[in-house]
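Working notes for the structure below.
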Amino acid sequence: MRQYSPDLTPPWKKPKPVPEVPAEPGLVVEEPGTGFCGAVIRCEAATVTLEDRFGKHRVFPLEPRGFLLEGRVVTLVRPSSAPVRPTRTASGSVAVPGARARVARAGRIYVEGRHDAELVEKVWGDDLRIEGVVVEYLEGIDDLPSIVADFDPGADARLGVLVDHLVPGSKESRIAEAVTSEYALVVGHPYIDVWEAVKPSSVGIEGWPRVPRGQDWKTGVCRALGWPENTGAAWGRILGSVRSYRDLEPELLGRVEELIDFVTAAE
């Protein structure tokens with residue numbers, strides 16, 4: 001008969017258990033052996049692929065205690081392949097199982113940058129596909145007058161624009177006033193960047209820091225929060241913390257809903 005020896009390792013020498021974290025796309029982690037930091041872009045049975053801020057990809061094995069998440073050791077696991085079907089979309093709308101995307105409308109919604117577009121897609125993507133609304137980004141607002149002129153909005157092709165830091169007396173407000181018309185609506189939120197429209201509690205911070213004038217705002221935020229000065233990885237971390245509309249400030253929620261209603265008003 002086979003004999004088993006008892007485990008005589010003292011409790012204080014046994015490794016402490018660490019949390020298991022699903023390797024969801026967008027989750028930003030570090031592989032401590034190499035120092036490679038990046039966002040999850042793919043997870044397979046035994047490996048995970050990360051992408052750093054330069055677009056470089058690295059594949060790592062899914063080993064116990066193999067990664068750092070916000071400085072803490074974690075075990076990455078493959079996400080469930082059979083999630084429970086949601087009854088509501090991330091925006092809070094009633095989910096429509098099996099609904100097909102509508103053929104794209106002539107109307108459009110423009111946002112300022114890629115991060116704005118990715119956030120809108122994550123929360124309102126299901127709704128926008130059902131409504132046939134395409135979201136594009138401008139890379140800034142300075143060229144908006146010429147873009148609106150080229151688009152030539154009309155009753156069957158309405159144009160909605162979401163602007164960062166739209167406050168009275170600003171350059172953004174003057175440009176918005178110049179292009180607003182019956183079929184072109186420009187709205188905005190008061191935040192310097194769309195990062196701030198994500199609730200600090202969802203990101204796991206006490207609040208968004210104030211960055212002195214003259215500094216790059218996103219880099220200054222990373223520095224003030226003690227994050228690596230890698231704005232791409234920081235955005236992956238922020239976007240990964242957004243699960244639904246509940247993670248966003250109402251000043252952004254109301255404006256996006258207003259634009260969707262405006263663009264889809266014409267049939």
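By convention in this document, the chains of the structure tokens carry letters A, B, ... by their order, each chain's residues are numbered from 1, and ligands are numbered from 1 in the order they are shown.
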From a backbone DSSP assignment, name each residue in region 11-236 of chain A labelled helix (DSSP H, G or I), as a PyMOL selection string. chain A and resi 11-13+114-131+144-151+171-179+194-197+200-203+217-225+231-236
Fewer than 2 positions away in the same chain doesn't count, so skip those; otherwise give me all residues within 6 Å of region 23-31 of chain A, counting only C-alpha atoms, as a CSV table (one decimal) with N, CA and C atoms, in the first residue's frame.
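The resulting file, around-v6.csv, is reproduced below:
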```csv
chain,number,residue,atom,x,y,z
A,33,GLY,N,8.9,38.8,-15.4
A,33,GLY,CA,10.2,38.2,-15.8
A,33,GLY,C,10.9,39.0,-16.9
A,34,THR,N,10.1,39.6,-17.8
A,34,THR,CA,10.7,40.4,-18.9
A,34,THR,C,10.4,41.9,-18.7
A,35,GLY,N,9.5,42.3,-17.8
A,35,GLY,CA,9.1,43.7,-17.7
A,35,GLY,C,8.2,44.2,-18.8
A,36,PHE,N,7.7,43.3,-19.6
A,36,PHE,CA,6.8,43.7,-20.8
A,36,PHE,C,5.5,44.0,-20.2
A,37,CYS,N,5.0,45.2,-20.6
A,37,CYS,CA,3.7,45.7,-20.1
A,37,CYS,C,2.8,46.0,-21.3
A,38,GLY,N,1.6,45.5,-21.3
A,38,GLY,CA,0.7,45.7,-22.4
A,38,GLY,C,-0.7,45.3,-22.1
A,39,ALA,N,-1.5,45.5,-23.1
A,39,ALA,CA,-3.0,45.2,-23.0
A,39,ALA,C,-3.2,43.9,-23.7
A,40,VAL,N,-4.1,43.1,-23.0
A,40,VAL,CA,-4.5,41.8,-23.6
A,40,VAL,C,-5.2,42.0,-24.9
A,41,ILE,N,-4.8,41.3,-26.0
A,41,ILE,CA,-5.5,41.4,-27.2
A,41,ILE,C,-6.1,40.0,-27.6
A,67,PHE,N,1.6,37.2,-13.6
A,67,PHE,CA,1.5,38.6,-14.1
A,67,PHE,C,1.3,39.5,-12.9
A,68,LEU,N,1.6,40.8,-13.2
A,68,LEU,CA,1.3,41.9,-12.2
A,68,LEU,C,0.2,42.7,-12.8
A,69,LEU,N,-0.8,43.0,-11.9
A,69,LEU,CA,-2.0,43.8,-12.3
A,69,LEU,C,-2.0,44.9,-11.2
A,76,LEU,N,-3.6,35.0,-14.4
A,76,LEU,CA,-4.5,35.2,-15.5
A,76,LEU,C,-5.2,33.9,-15.9
A,77,VAL,N,-6.5,33.9,-16.2
A,77,VAL,CA,-7.2,32.8,-16.6
A,77,VAL,C,-8.0,33.1,-17.9
A,78,ARG,N,-8.3,32.1,-18.7
A,78,ARG,CA,-9.0,32.3,-19.9
A,78,ARG,C,-10.4,32.7,-19.5
A,79,PRO,N,-11.0,33.8,-20.2
A,79,PRO,CA,-12.4,34.2,-19.9
A,79,PRO,C,-13.3,33.1,-20.2
A,236,GLY,N,-5.7,51.8,-22.0
A,236,GLY,CA,-6.2,50.4,-21.9
A,236,GLY,C,-6.7,50.1,-20.5
A,237,ARG,N,-6.0,50.5,-19.5
A,237,ARG,CA,-6.4,50.3,-18.1
A,237,ARG,C,-7.7,51.0,-17.8
A,240,GLY,N,-10.6,49.4,-19.9
A,240,GLY,CA,-10.9,48.1,-19.3
A,240,GLY,C,-11.7,48.1,-18.1
```
Using the chain letters and numbers from this document, which residues of region 5-218 of chain A does DSSP assign to strand (DSSP E or B), as number ranges by chain? A: 20-22, 28-31, 36-43, 47-51, 57-61, 67-69, 72-77, 88, 94, 108-111, 134-137, 154, 157, 159-163, 181, 184-188, 198
Each residue of region 187-239 of chain A with at least one atom at most 7 Å from region 45-62 of chain A should appear once, together with its nearest atom pair and the corresponding distance in Å (one decimal); atoms considered: only C-alpha atoms; ordering: chain, then increasing residue number; output as a Markdown table.
```
| residue | atom | partner | partner_atom | distance |
| --- | --- | --- | --- | --- |
| A:Asn230 | CA | A:Arg53 | CA | 6.8 |
| A:Gly232 | CA | A:Arg53 | CA | 5.1 |
| A:Ala233 | CA | A:Arg53 | CA | 6.0 |
```
Please dump the current selection as a PDB file, in the first residue's frame; keep N, CA and C atoms.
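So the final result, stored in result_23.pdb, reads:
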```
ATOM      1  N   ASN A 230       3.033  55.843 -19.905  1.00  0.00           N
ATOM      2  CA  ASN A 230       2.688  55.142 -21.145  1.00  0.00           C
ATOM      3  C   ASN A 230       1.202  55.379 -21.346  1.00  0.00           C
ATOM      4  N   GLY A 232      -0.798  54.961 -23.829  1.00  0.00           N
ATOM      5  CA  GLY A 232      -1.548  53.888 -24.473  1.00  0.00           C
ATOM      6  C   GLY A 232      -1.953  52.815 -23.474  1.00  0.00           C
ATOM      7  N   ALA A 233      -0.990  52.405 -22.628  1.00  0.00           N
ATOM      8  CA  ALA A 233      -1.291  51.411 -21.605  1.00  0.00           C
ATOM      9  C   ALA A 233      -2.267  51.975 -20.578  1.00  0.00           C
TER      10      ALA A 233
END
```
Between CA of Arg213 (chain A) and CA of Ser170 (chain A), what is the distance, to one decimal in Å? 15.3 Å
Go through A:Arg72, A:Val18, A:Asp150, A:Arg255 and flag the residue nearest Val120 (chain A), using only C-alpha atoms for the distances.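 When distances to Val120 (chain A) are compared using only C-alpha atoms, the smallest one comes from A:Arg255.
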For Val198 (chain A), please output as a PyMOL selection string all residues within 10 Å (counting only C-alpha atoms; exclusion window: fewer than 2 positions along the same chain). chain A and resi 119+194-196+200-203+208+238-239+241-242+245-250+252
Calculate how many Å separate CA of Gly214 (chain A) from CA of His165 (chain A), rounding to one decimal.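 Those two atoms sit 16.4 Å apart.
Once Leu159 (chain A) and its same-chain neighbours fewer than 2 positions away are set aside, A:Gly107, A:Arg108, A:Ile109, A:Pro153, A:Ala184 remain within 6 Å of it when counting only C-alpha atoms.
Our summary of the geometry notes that CA of Gly132 (chain A) is positioned 22.7 Å from CA of Leu144 (chain A).
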